[in-house]
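Novice: Have a peek at input-v9.tsv (TSV, C-alpha atoms).
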```tsv
chain	number	residue	atom	x	y	z
A	1	SER	CA	21.95	195.19	-29.95
A	2	GLN	CA	18.17	195.07	-29.69
A	3	GLN	CA	16.03	197.53	-31.62
A	4	GLY	CA	13.60	198.27	-28.89
A	5	GLU	CA	11.59	197.24	-25.95
A	6	GLU	CA	8.65	194.94	-25.49
A	7	ASP	CA	6.17	195.47	-22.76
A	8	PRO	CA	5.28	193.68	-20.60
A	9	GLN	CA	8.13	191.19	-20.29
A	10	ALA	CA	5.69	188.65	-18.89
A	11	LEU	CA	1.92	188.34	-18.96
A	12	SER	CA	-0.35	185.80	-17.29
A	13	ILE	CA	-4.06	185.63	-18.11
A	14	GLN	CA	-6.99	183.24	-17.99
A	15	GLU	CA	-8.27	181.41	-21.03
A	16	GLY	CA	-10.82	183.50	-22.87
A	17	GLU	CA	-9.29	186.81	-21.89
A	18	ASN	CA	-7.55	189.14	-24.31
A	19	ALA	CA	-3.78	189.63	-24.28
A	20	THR	CA	-2.07	192.82	-25.39
A	21	MET	CA	1.64	193.15	-26.00
A	22	ASN	CA	3.47	196.32	-26.94
A	23	CYS	CA	6.63	196.93	-28.90
A	24	SER	CA	8.64	200.08	-29.31
A	25	TYR	CA	11.47	200.65	-31.75
A	26	LYS	CA	14.06	203.30	-32.44
A	27	THR	CA	14.67	203.81	-36.15
A	28	SER	CA	12.50	204.23	-39.23
A	29	ILE	CA	11.15	200.97	-40.61
A	30	ASN	CA	10.00	199.29	-43.79
A	31	ASN	CA	7.76	196.91	-41.88
A	32	LEU	CA	7.26	195.30	-38.49
A	33	GLN	CA	6.70	191.58	-38.02
A	34	TRP	CA	5.39	189.60	-35.06
A	35	TYR	CA	6.60	186.09	-34.28
A	36	ARG	CA	5.66	183.41	-31.76
A	37	GLN	CA	8.13	181.01	-30.19
A	38	ASN	CA	7.18	177.94	-28.19
A	39	SER	CA	9.62	176.73	-25.52
A	40	GLY	CA	12.85	177.86	-27.19
A	41	ARG	CA	11.99	176.33	-30.54
A	42	GLY	CA	11.79	177.98	-33.96
A	43	LEU	CA	9.96	181.21	-34.62
A	44	VAL	CA	6.54	181.11	-36.23
A	45	HIS	CA	5.64	184.12	-38.37
A	46	LEU	CA	2.32	185.61	-37.25
A	47	ILE	CA	1.73	188.83	-39.09
A	48	LEU	CA	3.54	191.57	-41.01
A	49	ILE	CA	2.43	195.17	-41.01
A	50	ARG	CA	3.87	197.65	-43.46
A	51	SER	CA	5.03	201.13	-42.49
A	52	ASN	CA	2.13	202.68	-44.41
A	53	GLU	CA	-0.48	200.54	-42.64
A	54	ARG	CA	-2.05	201.36	-39.30
A	55	GLU	CA	-3.92	198.18	-38.43
A	56	LYS	CA	-4.03	194.60	-39.60
A	57	HIS	CA	-6.07	191.56	-38.63
A	58	SER	CA	-5.42	187.85	-38.94
A	59	GLY	CA	-7.89	185.52	-37.23
A	60	ARG	CA	-7.75	186.31	-33.50
A	61	LEU	CA	-4.76	188.61	-33.97
A	62	ARG	CA	-4.93	192.36	-34.32
A	63	VAL	CA	-1.80	194.43	-34.87
A	64	THR	CA	-1.56	198.19	-34.81
A	65	LEU	CA	1.33	200.38	-35.87
A	66	ASP	CA	1.97	204.00	-34.93
A	67	THR	CA	5.03	205.18	-36.79
A	68	SER	CA	4.87	208.63	-35.18
A	69	LYS	CA	5.34	206.99	-31.78
A	70	LYS	CA	7.53	204.20	-33.16
A	71	SER	CA	5.36	201.61	-31.49
A	72	SER	CA	3.21	198.61	-32.28
A	73	SER	CA	0.82	196.43	-30.35
A	74	LEU	CA	-0.33	192.84	-30.76
A	75	LEU	CA	-3.76	191.89	-29.43
A	76	ILE	CA	-4.76	188.26	-29.10
A	77	THR	CA	-8.47	187.93	-28.51
A	78	ALA	CA	-10.22	185.05	-26.73
A	79	SER	CA	-6.90	183.50	-25.72
A	80	ARG	CA	-6.40	179.76	-25.47
A	81	ALA	CA	-3.95	177.66	-23.48
A	82	ALA	CA	-2.24	176.88	-26.79
A	83	ASP	CA	-1.35	180.58	-27.12
A	84	THR	CA	1.15	180.15	-24.26
A	85	ALA	CA	4.48	181.14	-25.82
A	86	SER	CA	6.95	183.99	-26.19
A	87	TYR	CA	6.06	186.72	-28.65
A	88	PHE	CA	8.61	188.86	-30.44
A	89	CYS	CA	8.35	191.91	-32.60
A	90	ALA	CA	10.96	192.41	-35.29
A	91	THR	CA	11.58	195.42	-37.46
A	92	LEU	CA	12.92	195.61	-40.98
A	93	GLY	CA	14.72	198.90	-41.51
A	94	SER	CA	13.61	201.41	-44.11
A	95	SER	CA	16.65	200.59	-46.25
A	96	ASN	CA	15.23	197.04	-46.49
A	97	THR	CA	18.57	195.31	-46.13
A	98	GLY	CA	16.91	192.13	-44.95
A	99	LYS	CA	18.23	192.40	-41.41
A	100	LEU	CA	15.48	191.89	-38.84
A	101	ILE	CA	16.02	193.50	-35.45
A	102	PHE	CA	14.16	191.81	-32.63
A	103	GLY	CA	12.87	192.98	-29.29
A	104	GLN	CA	13.44	190.91	-26.16
A	105	GLY	CA	9.98	189.42	-26.27
A	106	THR	CA	6.92	189.02	-24.08
A	107	THR	CA	6.29	185.70	-22.37
A	108	LEU	CA	2.57	184.94	-22.35
A	109	GLN	CA	1.03	182.32	-20.10
A	110	VAL	CA	-2.61	181.44	-20.66
A	111	LYS	CA	-4.10	179.45	-17.78
A	112	PRO	CA	-6.85	176.95	-18.56
B	1	ASP	CA	6.10	172.02	-49.45
B	2	ALA	CA	8.90	171.69	-46.94
B	3	GLY	CA	9.61	174.65	-44.76
B	4	VAL	CA	13.01	175.70	-43.50
B	5	THR	CA	15.00	172.79	-42.15
B	6	GLN	CA	18.08	172.84	-39.92
B	7	SER	CA	20.52	170.22	-38.74
B	8	PRO	CA	21.53	169.05	-36.28
B	9	THR	CA	18.82	169.70	-33.69
B	10	HIS	CA	21.22	169.70	-30.77
B	11	LEU	CA	24.98	169.84	-30.51
B	12	ILE	CA	27.43	169.74	-27.62
B	13	LYS	CA	30.99	170.98	-28.10
B	14	THR	CA	33.88	171.99	-25.89
B	15	ARG	CA	35.68	175.30	-25.82
B	16	GLY	CA	38.10	175.83	-28.68
B	17	GLN	CA	36.36	173.41	-31.01
B	18	GLN	CA	34.77	174.28	-34.32
B	19	VAL	CA	31.16	173.66	-35.35
B	20	THR	CA	29.18	173.65	-38.59
B	21	LEU	CA	25.43	174.13	-38.68
B	22	ARG	CA	23.28	173.55	-41.76
B	23	CYS	CA	20.14	175.08	-43.18
B	24	SER	CA	17.90	174.35	-46.16
B	25	PRO	CA	15.60	177.21	-47.13
B	26	LYS	CA	11.93	177.05	-47.90
B	27	SER	CA	11.22	176.01	-51.47
B	28	GLY	CA	11.40	179.00	-53.80
B	29	HIS	CA	13.47	181.13	-51.45
B	30	ASP	CA	16.93	182.36	-52.42
B	31	THR	CA	18.15	184.20	-49.34
B	32	VAL	CA	19.29	182.76	-46.02
B	33	SER	CA	19.85	184.68	-42.80
B	34	TRP	CA	21.35	183.39	-39.56
B	35	TYR	CA	20.45	184.54	-36.07
B	36	GLN	CA	21.80	183.75	-32.62
B	37	GLN	CA	19.37	183.61	-29.71
B	38	ALA	CA	20.79	183.50	-26.20
B	39	LEU	CA	18.57	182.20	-23.43
B	40	GLY	CA	15.88	184.71	-22.51
B	41	GLN	CA	16.81	187.11	-25.29
B	42	GLY	CA	15.51	187.96	-28.72
B	43	PRO	CA	17.36	186.69	-31.79
B	44	GLN	CA	20.35	188.69	-32.99
B	45	PHE	CA	21.28	188.93	-36.66
B	46	ILE	CA	24.58	187.27	-37.60
B	47	PHE	CA	24.65	187.55	-41.40
B	48	GLN	CA	22.69	187.06	-44.59
B	49	TYR	CA	23.59	185.20	-47.78
B	50	TYR	CA	22.32	185.73	-51.29
B	51	GLU	CA	23.78	184.38	-54.54
B	52	GLU	CA	26.48	182.64	-52.50
B	53	GLU	CA	27.76	185.96	-51.14
B	54	GLU	CA	27.53	187.48	-47.70
B	55	ARG	CA	25.16	190.37	-48.25
B	56	GLN	CA	25.10	191.87	-44.80
B	57	ARG	CA	26.69	191.14	-41.44
B	58	GLY	CA	25.74	191.89	-37.86
B	59	ASN	CA	28.04	192.64	-34.96
B	60	PHE	CA	29.70	189.23	-34.72
B	61	PRO	CA	33.44	188.42	-34.79
B	62	ASP	CA	35.21	186.77	-37.69
B	63	ARG	CA	35.01	183.46	-35.85
B	64	PHE	CA	31.53	183.31	-37.32
B	65	SER	CA	31.57	182.56	-41.02
B	66	GLY	CA	29.14	181.16	-43.51
B	67	HIS	CA	28.58	179.79	-46.92
B	68	GLN	CA	25.73	179.47	-49.36
B	69	PHE	CA	25.60	176.75	-51.97
B	70	PRO	CA	24.16	176.90	-55.51
B	71	ASN	CA	21.00	175.14	-54.28
B	72	TYR	CA	20.54	178.04	-51.78
B	73	SER	CA	21.27	175.91	-48.72
B	74	SER	CA	23.66	177.41	-46.22
B	75	GLU	CA	26.16	176.61	-43.50
B	76	LEU	CA	27.18	178.55	-40.43
B	77	ASN	CA	30.67	177.87	-39.09
B	78	VAL	CA	31.92	178.96	-35.72
B	79	ASN	CA	35.61	178.55	-34.87
B	80	ALA	CA	37.37	178.61	-31.51
B	81	LEU	CA	34.14	178.15	-29.59
B	82	LEU	CA	33.61	180.11	-26.39
B	83	LEU	CA	31.22	179.36	-23.56
B	84	GLY	CA	29.26	182.45	-24.61
B	85	ASP	CA	28.52	180.90	-28.00
B	86	SER	CA	26.03	178.59	-26.32
B	87	ALA	CA	22.70	179.57	-27.84
B	88	LEU	CA	19.91	178.62	-30.20
B	89	TYR	CA	21.00	179.27	-33.78
B	90	LEU	CA	18.16	180.08	-36.11
B	91	CYS	CA	18.12	180.10	-39.87
B	92	ALA	CA	15.58	182.13	-41.80
B	93	SER	CA	14.83	182.08	-45.50
B	94	SER	CA	13.24	184.69	-47.71
B	95	LEU	CA	12.95	185.85	-51.26
B	96	LEU	CA	15.24	188.79	-51.87
B	97	ALA	CA	12.96	190.22	-54.49
B	98	GLY	CA	10.05	190.00	-52.08
B	99	LEU	CA	9.20	193.60	-51.38
B	100	TRP	CA	8.48	193.15	-47.71
B	101	ASN	CA	11.14	190.55	-46.97
B	102	GLU	CA	8.97	188.22	-44.94
B	103	GLN	CA	11.31	185.72	-43.30
B	104	PHE	CA	10.45	182.15	-42.37
B	105	PHE	CA	12.42	180.48	-39.60
B	106	GLY	CA	13.60	176.93	-39.09
B	107	PRO	CA	13.35	175.03	-35.80
B	108	GLY	CA	16.89	176.00	-34.79
B	109	THR	CA	20.02	174.22	-33.62
B	110	ARG	CA	20.69	174.26	-29.89
B	111	LEU	CA	24.45	174.57	-29.36
B	112	THR	CA	25.94	173.95	-25.94
B	113	VAL	CA	29.60	174.78	-25.36
B	114	LEU	CA	31.18	173.16	-22.30
```
Rewrite the structure from the file as structure tokens, please.
Specialist:
Amino acid sequence: SQQGEEDPQALSIQEGENATMNCSYKTSINNLQWYRQNSGRGLVHLILIRSNEREKHSGRLRVTLDTSKKSSSLLITASRAADTASYFCATLGSSNTGKLIFGQGTTLQVKP
Amino acid sequence: DAGVTQSPTHLIKTRGQQVTLRCSPKSGHDTVSWYQQALGQGPQFIFQYYEEEERQRGNFPDRFSGHQFPNYSSELNVNALLLGDSALYLCASSLLAGLWNEQFFGPGTRLTVL
């Protein structure tokens, strides 16, 4: 079963605009990770945010985590056509068993 | 430094057959996890191997089994294939001792069951 929900399920924007994706989860976590997947291929690790962190940046990516609301958001700034992909959040439980639980993903289309 | 590799890339089988998928972890990693991703869904955890033992298992039937070799590579075996087993199978490697368990994924094996 999936851990939580991702919102929106699909997002279409113009190049240069910002894209925001949200993820909610149900149980306490050790960390939350964001992945990108192009056309049903392998997952590319984007960023990991720990349960004691509130915000993290990596290049054009900004991730926030609100453990009180059990939610996270991924912001991609100044989007490019190459950012077109599906984005997944995945949580690692607080017991740190190594099992990642994924959301259903957000499909992002960036139009040139 | 090679990342996670998987073979084969694509596979077509018929119902009732058996299949073996292979994974080589990223250099320096000792733990391999397998995930099943149905079309339009997020990946679902099948099981994880460390020190050649199954460390944890998701909600998958016994038809799904695995193995880890001394060089940390791993196999996923699925017996008595069903149409519903058609999916992208992803392997992820990590370092068990890594505090935050960051997992790196391979390109996947696309299995089609006819």
Novice: Identify all chain A residues at most 9 Å from chain B by counting only C-alpha atoms; ligands do not count. Present them as a PDB file with C-alpha atoms, in the frame of the given file.
Specialist:
```pdb
ATOM      1  CA  SER A   1      21.950 195.190 -29.950  1.00  0.00           C
ATOM      2  CA  GLN A   2      18.170 195.070 -29.690  1.00  0.00           C
ATOM      3  CA  ASN A  30      10.000 199.290 -43.790  1.00  0.00           C
ATOM      4  CA  ASN A  31       7.760 196.910 -41.880  1.00  0.00           C
ATOM      5  CA  GLN A  33       6.700 191.580 -38.020  1.00  0.00           C
ATOM      6  CA  GLY A  40      12.850 177.860 -27.190  1.00  0.00           C
ATOM      7  CA  ARG A  41      11.990 176.330 -30.540  1.00  0.00           C
ATOM      8  CA  GLY A  42      11.790 177.980 -33.960  1.00  0.00           C
ATOM      9  CA  LEU A  43       9.960 181.210 -34.620  1.00  0.00           C
ATOM     10  CA  VAL A  44       6.540 181.110 -36.230  1.00  0.00           C
ATOM     11  CA  HIS A  45       5.640 184.120 -38.370  1.00  0.00           C
ATOM     12  CA  LEU A  48       3.540 191.570 -41.010  1.00  0.00           C
ATOM     13  CA  ARG A  50       3.870 197.650 -43.460  1.00  0.00           C
ATOM     14  CA  PHE A  88       8.610 188.860 -30.440  1.00  0.00           C
ATOM     15  CA  LEU A  92      12.920 195.610 -40.980  1.00  0.00           C
ATOM     16  CA  ASN A  96      15.230 197.040 -46.490  1.00  0.00           C
ATOM     17  CA  THR A  97      18.570 195.310 -46.130  1.00  0.00           C
ATOM     18  CA  GLY A  98      16.910 192.130 -44.950  1.00  0.00           C
ATOM     19  CA  LYS A  99      18.230 192.400 -41.410  1.00  0.00           C
ATOM     20  CA  LEU A 100      15.480 191.890 -38.840  1.00  0.00           C
ATOM     21  CA  ILE A 101      16.020 193.500 -35.450  1.00  0.00           C
ATOM     22  CA  PHE A 102      14.160 191.810 -32.630  1.00  0.00           C
ATOM     23  CA  GLY A 103      12.870 192.980 -29.290  1.00  0.00           C
ATOM     24  CA  GLN A 104      13.440 190.910 -26.160  1.00  0.00           C
ATOM     25  CA  GLY A 105       9.980 189.420 -26.270  1.00  0.00           C
TER      26      GLY A 105
END
```
Novice: Of the candidates B:Thr112, B:Glu52, B:Asn77, B:Cys23, which shows the shortest atom-to-atom distance to Phe64 of chain B, using all atoms listed in the file?
Specialist: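 Once distances to Phe64 of chain B are computed over all atoms listed in the file, the minimum belongs to B:Asn77.
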Novice: Compile the contact shell of segment 76-79 of chain A as a PyMOL selection string: residues with an atom at most 12 Å away, counting all atoms listed in the file, same-chain residues fewer than 4 positions apart removed.
Specialist: chain A and resi 12-22+34+36+46-47+57-64+83-85+87+108-112
Novice: By how many Å are atom CA of Arg54 of chain A and atom CA of Ser93 of chain B apart?
Specialist: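 Between atom CA of Arg54 of chain A and atom CA of Ser93 of chain B the gap works out to 26.4 Å.
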Novice: Could you check how far atom CA of Ile29 of chain A sits from atom CA of Glu55 of chain A, in Å to one decimal?
Specialist: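 Result for atom CA of Ile29 of chain A versus atom CA of Glu55 of chain A: 15.5 Å, one decimal.
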Novice: How far is it from atom CA of Ser7 of chain B to atom CA of Leu32 of chain A, in Å with one decimal?
Specialist: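 Atom-to-atom, atom CA of Ser7 of chain B to atom CA of Leu32 of chain A, that is 28.4 Å.
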Novice: Calculated over only C-alpha atoms, which of the candidates B:Gly28, B:Glu54, B:Ser73, B:Val19 has the smallest distance to Asp85 of chain B?
Specialist: B:Val19
Novice: May I ask which of the residues A:Ala90, A:Ala10, A:Ile49, A:Cys23 is the closest one to Lys70 of chain A, counting all atoms listed in the file?
Specialist: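 For Lys70 of chain A, the nearest of the candidates is A:Cys23.
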Novice: Select, from B:Gln36, B:Thr14, B:Gln68, B:Gln6, the residue with the minimum atom-to-atom distance to Leu81 of chain B, counting only C-alpha atoms.
Specialist: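 Closest to Leu81 of chain B, using only C-alpha atoms: B:Thr14.
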Novice: Under the rule that only C-alpha atoms are counted, which of B:Gln18, B:Ser24, B:Ser86, B:Thr9 is the nearest residue to Ser65 of chain B?
Specialist: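 Result for the nearest residue to Ser65 of chain B: B:Gln18.
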Novice: Select, from A:Gln9, A:Thr67, A:Ser73, A:Thr106, the residue with the minimum atom-to-atom distance to Thr27 of chain A, counting all atoms listed in the file.
Specialist: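 Among the listed residues, the smallest separation from Thr27 of chain A belongs to A:Thr67.
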